[in-house]
Every structure is written in C-alpha cells, then in structure tokens.
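K.L.:
First, the structure itself, so that you have it in front of you.
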Amino acid sequence: MAHFGELLLRLDTPGHQRFVQASSFGLTFTGGEANVAVALQQWGLKTSIASAVPGNDLGEMCLNHLRRYGVNTDSVVRSGNRLGILFVETGAGQRGSQVIYDRDATSFRELEPGMIDWEAFLKNAGLFHFTGTALVSPGTRNLLFEGLSVAKEKKIPISFDPSYRSQLWSLDEAKKVFCEVLPSVDIFLGSEADASTFFGVEASGNEALTALAAKYNLQWVAFTDREIDEKGVNHYSARLSNGATVFKSSTYQTVSVDRIGTGDAFAAGIIRGVLNQLQPEETLNFATAAAVLKHTIPGDFSFLSVDEVESLMNGQGIGKVKR
C-alpha cells in the first residue's frame, strides 16, 4: 500500500485553550496520507509513504514517528529546509476547532519531477493513495502525475480524497486540477458537496454517487455525511457505491474530542475493504465505525484495532471493563 503526500508538524494548544491564551503547544506529526497509512498498518496491511522532509533532526523526528507505527519511509526525500506546520485550537461544544497552516516553501512543496523513483516505490504496491493537498504546488503535482502514470502501467488501483483546504489554494484552481486527475482514479473518497463543487454533478442523494461514478468511470465512490446539532453532537453516516448498488451505513451520534483525521480513518476503512476483497456493505460499515471512533481520539492517528472497530460495527460498543 503506497501513499504520496505532505508530512506535517502538528502543534496543539493545551486542552481547549484558544490561540490567543496559549503559552505552549503539544507536538506531534501528521499528514492526510500518513494518517491513512498508520491506520492500515495497525490493521495488518503493509504501508509505505513517499514525501520530503528537511535533512535535519526535525525531519528525522517526523520519520521516526511514522516508523514507530510500522510505516516504511524509505522513499521520503531529504531536501529543502522546512517542514510544514499545522496549528490546532480544539473547540468544545458549540465552539468549533480552528486550524492555521504554515506550509509555504516546505520541503514537500519544493519537490520536482524526477525526484521520486516511482518504479521502486510502487513495485509491490497493492493500491496507491493520495489526497488533494498533494496537488497544491505545480512541482508536486507534476511529480504525482509521473507516479499515476507508473501506477496505471502496473495496473495498481488508485484512490483519491479531495481533502480541499481553502487556506492552501483557490477553489477555481483546485477544481481545474481535480478534474484533470480524476480520470486516473479508481476509488473516490469524499462527499456529495465535493461531487457538486468540483465535478459538476447536479444530482443529489444516492444519484450523486452513481452519477460521479459514471462520469469518471470510477469503480468505487464513497461519501461521508455529517450533521452537527445545536448541542455539538455529530450525526455521522456514509454511503458507498460499487457502480451497481448504493449501500448506506447506520447513523452514529458522537461527541467529538478531535475531528481532525476522521475522514482519513474512513478512507483507510474503505481501502482496507478493497484490498481484503470484502463485501461492499462490510467495507462501508467498518469504515464508518472507524471514523466514528476516531472522533474520540486526540491527534490525527486512529489508534484502533480491528476488534474495536468491529465491536462498534456490530453494535457491541468498545471499552467495556473486563473482569
């Protein structure tokens, strides 16, 4: 399982403090593709990531963090001088979380075509995954197109999550690039709003999934659906289309400790099902349960076992006292 994307330093205010009152930050590392890789690694699937970090102790610290969870970092380039930073203020109740990015002129964004050995990186890959943030800079975009070409030659399935961030680039530019990349994609992971905003799908409900699949010849399309009520409770569910049938998960109600990374947990669940050739309904239910449980875990990584996810998926809950 191969991933390509930016690795980031995440700095959190303590507890639920606001940026303006904090005097310290908690430190960890993240990245949309890295979040998926760590989840899959915990579920028994070997993962590797291609990226770039500065050739200093901070870059090595970041890679050590990923290696701790079994992710192969052999294809991460040491270049440039900066690791991107994600500042996070975690909200509570009706106050939402805030994110500030510092990602200009990073090691990853300075990558250029030819800097990744795609033949070696994708040699044993069962699937190739990336998100929209890997397409933000022209250099990484053209480098990724090289990788997509190699993956297509090797008949490696490709999964894509738009993961659009308005702080990073304009909507018009993202729309243009996403439409260029989607014909290479086999598995789309996003939302109904993504289908409308970026790909001109005017249908709604289940028809939106099948319309997007038909427009771009996608094998799988998965949408997450979230509503947050006046008490701050998340009502979370998802849908999955395999081209012929649309499946819908149960709707869960959960209070979020940390919403960041929930979409990546869902993506990892779908990818796990595809790689393990599970039935679509089981794949969807596992992915949705994983995303719901990720809401309860601080940080970006979903530290969850298969048994824990399946327990929630089967209506048993997790965390019961064992005597």
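We label chains A, B, ... in the order they appear in the structure tokens, count residues from 1 in each chain, and number ligands from 1 in the order shown.
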In segment 62-220 of chain A, what's alpha helix (DSSP H) per DSSP? Answer as a ChimeraX atom specification?
P.N.:
/A:62-67,118-121,138-153,171-181,192-199,206-216
K.L.:
Please report, as a ChimeraX atom specification, each residue of segment 145-250 of chain A to which DSSP assigns strand (DSSP E) when run on this structure's backbone.
P.N.:
/A:158-161,187-190,220-228,233-241,246-248
K.L.:
Do you know which residues are at most 10 Å from segment 303-318 of chain A counting only C-alpha atoms, after dropping those on the same chain fewer than 4 positions away, and could you put them as a list in words?
P.N.:
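That gives Val38, Ala39, Leu40, Gln42, Trp43, Gly44, Tyr69, Ser249, Ser250, Ala265, Gly269, Glu282, Leu284, Asn285, Phe286, Ala287, Thr288, Ala289, Ala290, Ala291, Val292, Leu293, Lys294, Ile297, Pro298 and Gly299 of chain A.
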K.L.:
Find the residues around Ala37 of chain A up to 8 Å (only C-alpha atoms counted), leave out those fewer than 6 positions away in its own chain, and share them as a ChimeraX atom specification.
P.N.:
/A:1,3,47-49,71,268
K.L.:
For atom CA of Glu281 of chain A and atom CA of His235 of chain A, determine how far apart the two atoms are, in Å to one decimal place.
P.N.:
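Interatomic distance here is 19.5 Å.
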K.L.:
Tell me which protein, DNA and RNA residues are within 7 Å of segment 115-124 of chain A, counting only C-alpha atoms, leaving out same-chain ones fewer than 2 positions away, and put them as an NGL selection string.
P.N.:
:A and (2 or 75 or 111-113 or 126 or 147 or 150-151)
K.L.:
Can you work out the spacing between atom CA of Asn142 of chain A and atom CA of Glu202 of chain A in Å, to one decimal?
P.N.:
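Atom-to-atom, atom CA of Asn142 of chain A and atom CA of Glu202 of chain A are spaced 29.8 Å apart.
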K.L.:
Quick one: residues within 10 Å of Trp220 of chain A, only C-alpha atoms, excluding same-chain residues fewer than 3 positions away - as a list in words?
P.N.:
Ser159, Val185, Asp186, Ile187, Phe188, Leu189, Leu209, Thr210, Leu212, Ala213, Asn217, Leu240, Ser241, Asn242, Gly243, Ala244, Ile270, Val274 and Pro280 of chain A
K.L.:
Distance atom CA of Phe223 of chain A-atom CA of Ser170 of chain A, one decimal place?
P.N.:
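For atom CA of Phe223 of chain A relative to atom CA of Ser170 of chain A, the distance reads 22.6 Å.
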K.L.:
With only C-alpha atoms counted and 9 Å as the cut-off, give the residues of segment 194-291 of chain A in contact with segment 24-33 of chain A, each with its shortest interatomic distance in Å and the pair that gives it, as JSON lines.
P.N.:
{"residue": "A:Gly261", "atom": "CA", "partner": "A:Gly32", "partner_atom": "CA", "distance": 7.2}
{"residue": "A:Gly263", "atom": "CA", "partner": "A:Gly32", "partner_atom": "CA", "distance": 8.8}
{"residue": "A:Asp264", "atom": "CA", "partner": "A:Gly32", "partner_atom": "CA", "distance": 6.3}
K.L.:
Now that the selection is made, can you save its residues with N, CA, C and O atoms as a compact mmCIF listing (two decimals), in the first residue's frame?
P.N.:
# COMPACT_ATOMS: atom_id res chain seq x y z
N GLY A 261 -8.71 14.09 11.15
CA GLY A 261 -8.31 12.72 10.86
C GLY A 261 -9.45 11.74 10.73
O GLY A 261 -9.23 10.58 10.38
N GLY A 263 -11.90 11.74 8.51
CA GLY A 263 -12.04 11.37 7.10
C GLY A 263 -10.96 10.41 6.64
O GLY A 263 -11.22 9.53 5.81
N ASP A 264 -9.77 10.55 7.20
CA ASP A 264 -8.69 9.63 6.85
C ASP A 264 -8.94 8.24 7.43
O ASP A 264 -8.60 7.23 6.81
K.L.:
Which residues, written as a count of residues only, have at least one atom at most 8 Å from Ile156 of chain A, with only C-alpha atoms counted and residues fewer than 3 positions away on the same chain left out?
P.N.:
7
K.L.:
So, counting only C-alpha atoms, which residue among A:Pro54, A:Gly132, A:Gly96, A:Gly80 is closest to Gly5 of chain A?
P.N.:
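The closest residue to Gly5 of chain A is A:Gly132.
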K.L.:
Have a look at A:Gly232, A:Leu8, A:Arg78, A:Glu146 and name the one nearest to Asp102 of chain A; count only C-alpha atoms.
P.N.:
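Nearest to Asp102 of chain A: A:Leu8.
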